[in-house]
$ cat work.pdb   # PDB, C-alpha atoms, pLDDT in the B column
ATOM      1  CA  MET D  25      39.781   6.524  76.741  1.00 68.00           C
ATOM      2  CA  GLY D  26      38.371   4.904  73.627  1.00 89.00           C
ATOM      3  CA  ALA D  27      35.330   6.220  71.796  1.00 92.00           C
ATOM      4  CA  PHE D  28      33.508   2.893  71.776  1.00 93.00           C
ATOM      5  CA  THR D  29      34.655   1.732  75.198  1.00 93.00           C
ATOM      6  CA  THR D  30      34.988   4.058  78.167  1.00 95.00           C
ATOM      7  CA  TYR D  31      33.568   7.183  76.482  1.00 95.00           C
ATOM      8  CA  LYS D  32      30.411   5.422  75.304  1.00 96.00           C
ATOM      9  CA  ALA D  33      30.033   3.680  78.669  1.00 96.00           C
ATOM     10  CA  SER D  34      30.359   7.044  80.420  1.00 97.00           C
ATOM     11  CA  LEU D  35      27.646   8.570  78.239  1.00 97.00           C
ATOM     12  CA  LYS D  36      25.288   5.706  79.058  1.00 97.00           C
ATOM     13  CA  HIS D  37      26.117   6.074  82.763  1.00 98.00           C
ATOM     14  CA  PHE D  38      25.263   9.809  82.602  1.00 98.00           C
ATOM     15  CA  VAL D  39      21.953   8.935  80.913  1.00 98.00           C
ATOM     16  CA  GLU D  40      21.103   6.409  83.645  1.00 98.00           C
ATOM     17  CA  GLU D  41      21.984   8.844  86.420  1.00 98.00           C
ATOM     18  CA  ALA D  42      19.936  11.641  84.836  1.00 98.00           C
ATOM     19  CA  ARG D  43      16.926   9.324  84.562  1.00 98.00           C
ATOM     20  CA  LYS D  44      17.285   8.217  88.194  1.00 98.00           C
ATOM     21  CA  ARG D  45      16.990  11.848  89.217  1.00 98.00           C
ATOM     22  CA  GLY D  46      13.979  12.533  87.014  1.00 98.00           C
ATOM     23  CA  GLY D  47      15.927  14.208  84.230  1.00 97.00           C
ATOM     24  CA  ILE D  48      15.274  13.899  80.535  1.00 97.00           C
ATOM     25  CA  PRO D  49      18.655  13.177  78.956  1.00 98.00           C
ATOM     26  CA  VAL D  50      19.554  14.306  75.446  1.00 98.00           C
ATOM     27  CA  LEU D  51      22.891  13.482  73.852  1.00 98.00           C
ATOM     28  CA  ILE D  52      24.630  15.906  71.498  1.00 98.00           C
ATOM     29  CA  THR D  53      27.473  15.200  69.093  1.00 96.00           C
ATOM     30  CA  PRO D  54      30.259  17.783  68.848  1.00 94.00           C
ATOM     31  CA  VAL D  55      30.020  20.457  66.196  1.00 92.00           C
ATOM     32  CA  GLN D  56      32.488  19.981  63.362  1.00 88.00           C
ATOM     33  CA  ARG D  57      35.795  21.759  63.524  1.00 86.00           C
ATOM     34  CA  ARG D  58      36.651  23.964  60.584  1.00 83.00           C
ATOM     35  CA  THR D  59      39.386  21.713  59.195  1.00 85.00           C
ATOM     36  CA  PHE D  60      39.257  21.114  55.444  1.00 84.00           C
ATOM     37  CA  ASP D  61      41.023  18.938  52.895  1.00 85.00           C
ATOM     38  CA  ALA D  62      42.354  20.204  49.542  1.00 86.00           C
ATOM     39  CA  GLN D  63      38.883  19.859  47.967  1.00 83.00           C
ATOM     40  CA  GLY D  64      37.246  22.012  50.628  1.00 79.00           C
ATOM     41  CA  LYS D  65      35.551  19.098  52.402  1.00 84.00           C
ATOM     42  CA  ILE D  66      35.473  18.788  56.180  1.00 86.00           C
ATOM     43  CA  THR D  67      38.058  16.420  57.616  1.00 90.00           C
ATOM     44  CA  ASN D  68      37.152  14.149  60.500  1.00 88.00           C
ATOM     45  CA  SER D  69      38.987  15.689  63.427  1.00 89.00           C
ATOM     46  CA  HIS D  70      36.810  14.050  66.103  1.00 92.00           C
ATOM     47  CA  GLY D  71      37.605  10.467  65.169  1.00 93.00           C
ATOM     48  CA  ASP D  72      35.027   7.909  66.314  1.00 96.00           C
ATOM     49  CA  TYR D  73      33.547  10.051  69.087  1.00 96.00           C
ATOM     50  CA  PRO D  74      30.517  11.411  67.164  1.00 96.00           C
ATOM     51  CA  GLU D  75      29.574   7.869  66.133  1.00 97.00           C
ATOM     52  CA  ALA D  76      29.974   6.694  69.725  1.00 97.00           C
ATOM     53  CA  VAL D  77      27.455   9.355  70.807  1.00 97.00           C
ATOM     54  CA  ARG D  78      25.013   8.211  68.085  1.00 97.00           C
ATOM     55  CA  GLN D  79      25.326   4.594  69.200  1.00 97.00           C
ATOM     56  CA  ALA D  80      24.928   5.456  72.874  1.00 97.00           C
ATOM     57  CA  ALA D  81      21.791   7.483  72.124  1.00 98.00           C
ATOM     58  CA  LYS D  82      20.271   4.633  70.140  1.00 98.00           C
ATOM     59  CA  GLU D  83      21.175   1.984  72.716  1.00 97.00           C
ATOM     60  CA  ALA D  84      19.903   4.084  75.636  1.00 97.00           C
ATOM     61  CA  ASN D  85      16.809   5.190  73.706  1.00 98.00           C
ATOM     62  CA  VAL D  86      17.424   8.914  74.181  1.00 98.00           C
ATOM     63  CA  PRO D  87      17.028  11.812  71.744  1.00 98.00           C
ATOM     64  CA  ILE D  88      20.127  13.031  69.973  1.00 98.00           C
ATOM     65  CA  ILE D  89      21.035  16.378  68.477  1.00 97.00           C
ATOM     66  CA  ASP D  90      23.582  15.588  65.790  1.00 96.00           C
ATOM     67  CA  LEU D  91      25.492  18.863  65.549  1.00 94.00           C
ATOM     68  CA  ASN D  92      28.326  16.988  63.872  1.00 94.00           C
ATOM     69  CA  ALA D  93      26.164  16.083  60.869  1.00 93.00           C
ATOM     70  CA  MET D  94      24.285  19.386  60.898  1.00 91.00           C
ATOM     71  CA  SER D  95      27.407  21.577  60.832  1.00 88.00           C
ATOM     72  CA  THR D  96      29.188  19.787  57.968  1.00 87.00           C
ATOM     73  CA  PRO D  97      27.113  21.190  55.062  1.00 87.00           C
ATOM     74  CA  LEU D  98      27.098  24.637  56.641  1.00 83.00           C
ATOM     75  CA  TYR D  99      30.891  24.752  56.887  1.00 83.00           C
ATOM     76  CA  GLU D 100      31.385  23.220  53.447  1.00 81.00           C
ATOM     77  CA  ALA D 101      29.085  25.833  51.880  1.00 81.00           C
ATOM     78  CA  GLY D 102      31.850  28.378  52.267  1.00 72.00           C
ATOM     79  CA  THR D 103      32.559  31.787  53.649  1.00 59.00           C
ATOM     80  CA  GLY D 104      29.618  34.142  53.871  1.00 55.00           C
ATOM     81  CA  THR D 105      27.138  31.342  54.422  1.00 54.00           C
ATOM     82  CA  ILE D 106      28.737  30.491  57.748  1.00 57.00           C
ATOM     83  CA  GLU D 107      28.478  34.018  59.049  1.00 57.00           C
ATOM     84  CA  ALA D 108      24.884  34.331  57.815  1.00 59.00           C
ATOM     85  CA  GLY D 109      24.021  31.158  59.720  1.00 58.00           C
ATOM     86  CA  PHE D 110      25.377  32.435  63.010  1.00 59.00           C
ATOM     87  CA  CYS D 111      24.995  36.205  62.919  1.00 59.00           C
ATOM     88  CA  SER D 112      22.013  38.466  62.459  1.00 55.00           C
ATOM     89  CA  GLU D 113      22.226  42.166  61.805  1.00 55.00           C
TER      90      GLU D 113
END
$ encode --input "work.pdb" --output "structure tokens"
Amino acid sequence: MGAFTTYKASLKHFVEEARKRGGIPVLITPVQRRTFDAQGKITNSHGDYPEAVRQAAKEANVPIIDLNAMSTPLYEAGTGTIEAGFCSE
């Protein structure tokens, strides 16, 4: 399964099927994984799949929640910030 071939085609198929049934589709990229390089920057562990979701959303004219882009600065901010973003006391 390639990101820009069968995966992207599957996403667009799911969008079409949701619309046929009266649904309002929204596509969501995967949240980053906490994998870092030596400089403390996020490494791309999802390959081309987040970009395939972005393209499918644009081509199918559906909203997108880009958790991949949103989680990068949070994870790169470092320990303490991450917990504050997800936990409340």
$ closest_residue --input "work.pdb" --among "D:Ala33, D:Val50, D:Ala27, D:Ile66" --to "D:Thr96" --atoms "all atoms listed in the file"
D:Ile66
$ resolve_selection --input "work.pdb" --expression "the PyMOL selection byres ((chain D and resi 80-87) around 9)" --output "PyMOL selection string"
chain D and resi 32-33+35-36+39-40+48-52+75-79+88-89
$ atom_distance --input "work.pdb" --atom1 "atom CA of D:Gly71" --atom2 "atom CA of D:Arg43"
28.4 Å
$ atom_distance --input "work.pdb" --atom1 "atom CA of D:Asn68" --atom2 "atom CA of D:Pro54"
11.4 Å
$ atom_distance --input "work.pdb" --atom1 "atom CA of D:Ser34" --atom2 "atom CA of D:Leu91"
19.6 Å
$ closest_residue --input "work.pdb" --among "D:His37, D:Val55, D:Thr67, D:Ala62" --to "D:Asp90" --atoms "only C-alpha atoms"
D:Val55
$ closest_residue --input "work.pdb" --among "D:Gly47, D:Gln56, D:Gly26, D:Phe38" --to "D:Leu98" --atoms "all atoms listed in the file"
D:Gln56
$ resolve_selection --input "work.pdb" --expression "the PyMOL selection byres ((chain D and resi 58) around 12)" --output "PyMOL selection string"
chain D and resi 55-57+59-61+64-70+92+95-103+106
$ build_atoms --input "work.pdb" --residues "stretch 54-76 of chain D" --atoms "N, CA, C and O atoms" --output "mmCIF file, in the coordinates of the input"
data_model
loop_
_atom_site.group_PDB
_atom_site.id
_atom_site.type_symbol
_atom_site.label_atom_id
_atom_site.label_comp_id
_atom_site.auth_asym_id
_atom_site.auth_seq_id
_atom_site.Cartn_x
_atom_site.Cartn_y
_atom_site.Cartn_z
ATOM 1 N N PRO D 54 29.524 16.520 68.953
ATOM 2 C CA PRO D 54 30.259 17.783 68.848
ATOM 3 C C PRO D 54 30.082 18.419 67.471
ATOM 4 O O PRO D 54 29.972 17.729 66.465
ATOM 5 N N VAL D 55 30.059 19.735 67.462
ATOM 6 C CA VAL D 55 30.020 20.457 66.196
ATOM 7 C C VAL D 55 31.337 20.196 65.470
ATOM 8 O O VAL D 55 32.376 19.984 66.095
ATOM 9 N N GLN D 56 31.272 20.180 64.148
ATOM 10 C CA GLN D 56 32.488 19.981 63.362
ATOM 11 C C GLN D 56 33.502 21.072 63.660
ATOM 12 O O GLN D 56 33.144 22.191 64.010
ATOM 13 N N ARG D 57 34.745 20.747 63.493
ATOM 14 C CA ARG D 57 35.795 21.759 63.524
ATOM 15 C C ARG D 57 36.010 22.218 62.094
ATOM 16 O O ARG D 57 35.781 21.469 61.153
ATOM 17 N N ARG D 58 36.457 23.425 61.935
ATOM 18 C CA ARG D 58 36.651 23.964 60.584
ATOM 19 C C ARG D 58 38.025 23.556 60.054
ATOM 20 O O ARG D 58 38.912 24.363 59.863
ATOM 21 N N THR D 59 38.174 22.264 59.804
ATOM 22 C CA THR D 59 39.386 21.713 59.195
ATOM 23 C C THR D 59 38.994 21.088 57.864
ATOM 24 O O THR D 59 38.092 20.252 57.818
ATOM 25 N N PHE D 60 39.650 21.513 56.795
ATOM 26 C CA PHE D 60 39.257 21.114 55.444
ATOM 27 C C PHE D 60 40.396 20.412 54.717
ATOM 28 O O PHE D 60 41.569 20.694 54.964
ATOM 29 N N ASP D 61 40.022 19.550 53.759
ATOM 30 C CA ASP D 61 41.023 18.938 52.895
ATOM 31 C C ASP D 61 41.232 19.835 51.668
ATOM 32 O O ASP D 61 40.659 20.930 51.591
ATOM 33 N N ALA D 62 42.023 19.394 50.721
ATOM 34 C CA ALA D 62 42.354 20.204 49.542
ATOM 35 C C ALA D 62 41.139 20.500 48.666
ATOM 36 O O ALA D 62 41.119 21.491 47.934
ATOM 37 N N GLN D 63 40.098 19.662 48.752
ATOM 38 C CA GLN D 63 38.883 19.859 47.967
ATOM 39 C C GLN D 63 37.834 20.696 48.697
ATOM 40 O O GLN D 63 36.721 20.869 48.217
ATOM 41 N N GLY D 64 38.170 21.184 49.867
ATOM 42 C CA GLY D 64 37.246 22.012 50.628
ATOM 43 C C GLY D 64 36.225 21.230 51.432
ATOM 44 O O GLY D 64 35.237 21.784 51.898
ATOM 45 N N LYS D 65 36.459 19.941 51.613
ATOM 46 C CA LYS D 65 35.551 19.098 52.402
ATOM 47 C C LYS D 65 36.070 18.999 53.835
ATOM 48 O O LYS D 65 37.271 18.970 54.087
ATOM 49 N N ILE D 66 35.141 18.923 54.762
ATOM 50 C CA ILE D 66 35.473 18.788 56.180
ATOM 51 C C ILE D 66 36.284 17.512 56.396
ATOM 52 O O ILE D 66 35.961 16.468 55.829
ATOM 53 N N THR D 67 37.317 17.615 57.216
ATOM 54 C CA THR D 67 38.058 16.420 57.616
ATOM 55 C C THR D 67 37.545 15.972 58.982
ATOM 56 O O THR D 67 37.062 16.782 59.772
ATOM 57 N N ASN D 68 37.641 14.708 59.243
ATOM 58 C CA ASN D 68 37.152 14.149 60.500
ATOM 59 C C ASN D 68 38.198 14.362 61.590
ATOM 60 O O ASN D 68 39.122 13.577 61.729
ATOM 61 N N SER D 69 38.023 15.411 62.356
ATOM 62 C CA SER D 69 38.987 15.689 63.427
ATOM 63 C C SER D 69 38.530 15.157 64.786
ATOM 64 O O SER D 69 39.271 15.247 65.758
ATOM 65 N N HIS D 70 37.325 14.593 64.840
ATOM 66 C CA HIS D 70 36.810 14.050 66.103
ATOM 67 C C HIS D 70 36.961 12.534 66.190
ATOM 68 O O HIS D 70 36.574 11.937 67.201
ATOM 69 N N GLY D 71 37.454 11.920 65.147
ATOM 70 C CA GLY D 71 37.605 10.467 65.169
ATOM 71 C C GLY D 71 36.264 9.759 65.299
ATOM 72 O O GLY D 71 35.276 10.145 64.674
ATOM 73 N N ASP D 72 36.226 8.735 66.140
ATOM 74 C CA ASP D 72 35.027 7.909 66.314
ATOM 75 C C ASP D 72 34.048 8.450 67.351
ATOM 76 O O ASP D 72 32.990 7.854 67.580
ATOM 77 N N TYR D 73 34.377 9.562 67.987
ATOM 78 C CA TYR D 73 33.547 10.051 69.087
ATOM 79 C C TYR D 73 32.121 10.444 68.672
ATOM 80 O O TYR D 73 31.165 10.091 69.381
ATOM 81 N N PRO D 74 31.902 11.129 67.548
ATOM 82 C CA PRO D 74 30.517 11.411 67.164
ATOM 83 C C PRO D 74 29.687 10.130 66.951
ATOM 84 O O PRO D 74 28.527 10.054 67.371
ATOM 85 N N GLU D 75 30.295 9.131 66.342
ATOM 86 C CA GLU D 75 29.574 7.869 66.133
ATOM 87 C C GLU D 75 29.294 7.171 67.463
ATOM 88 O O GLU D 75 28.239 6.559 67.636
ATOM 89 N N ALA D 76 30.205 7.285 68.400
ATOM 90 C CA ALA D 76 29.974 6.694 69.725
ATOM 91 C C ALA D 76 28.769 7.349 70.398
ATOM 92 O O ALA D 76 27.969 6.668 71.059
#
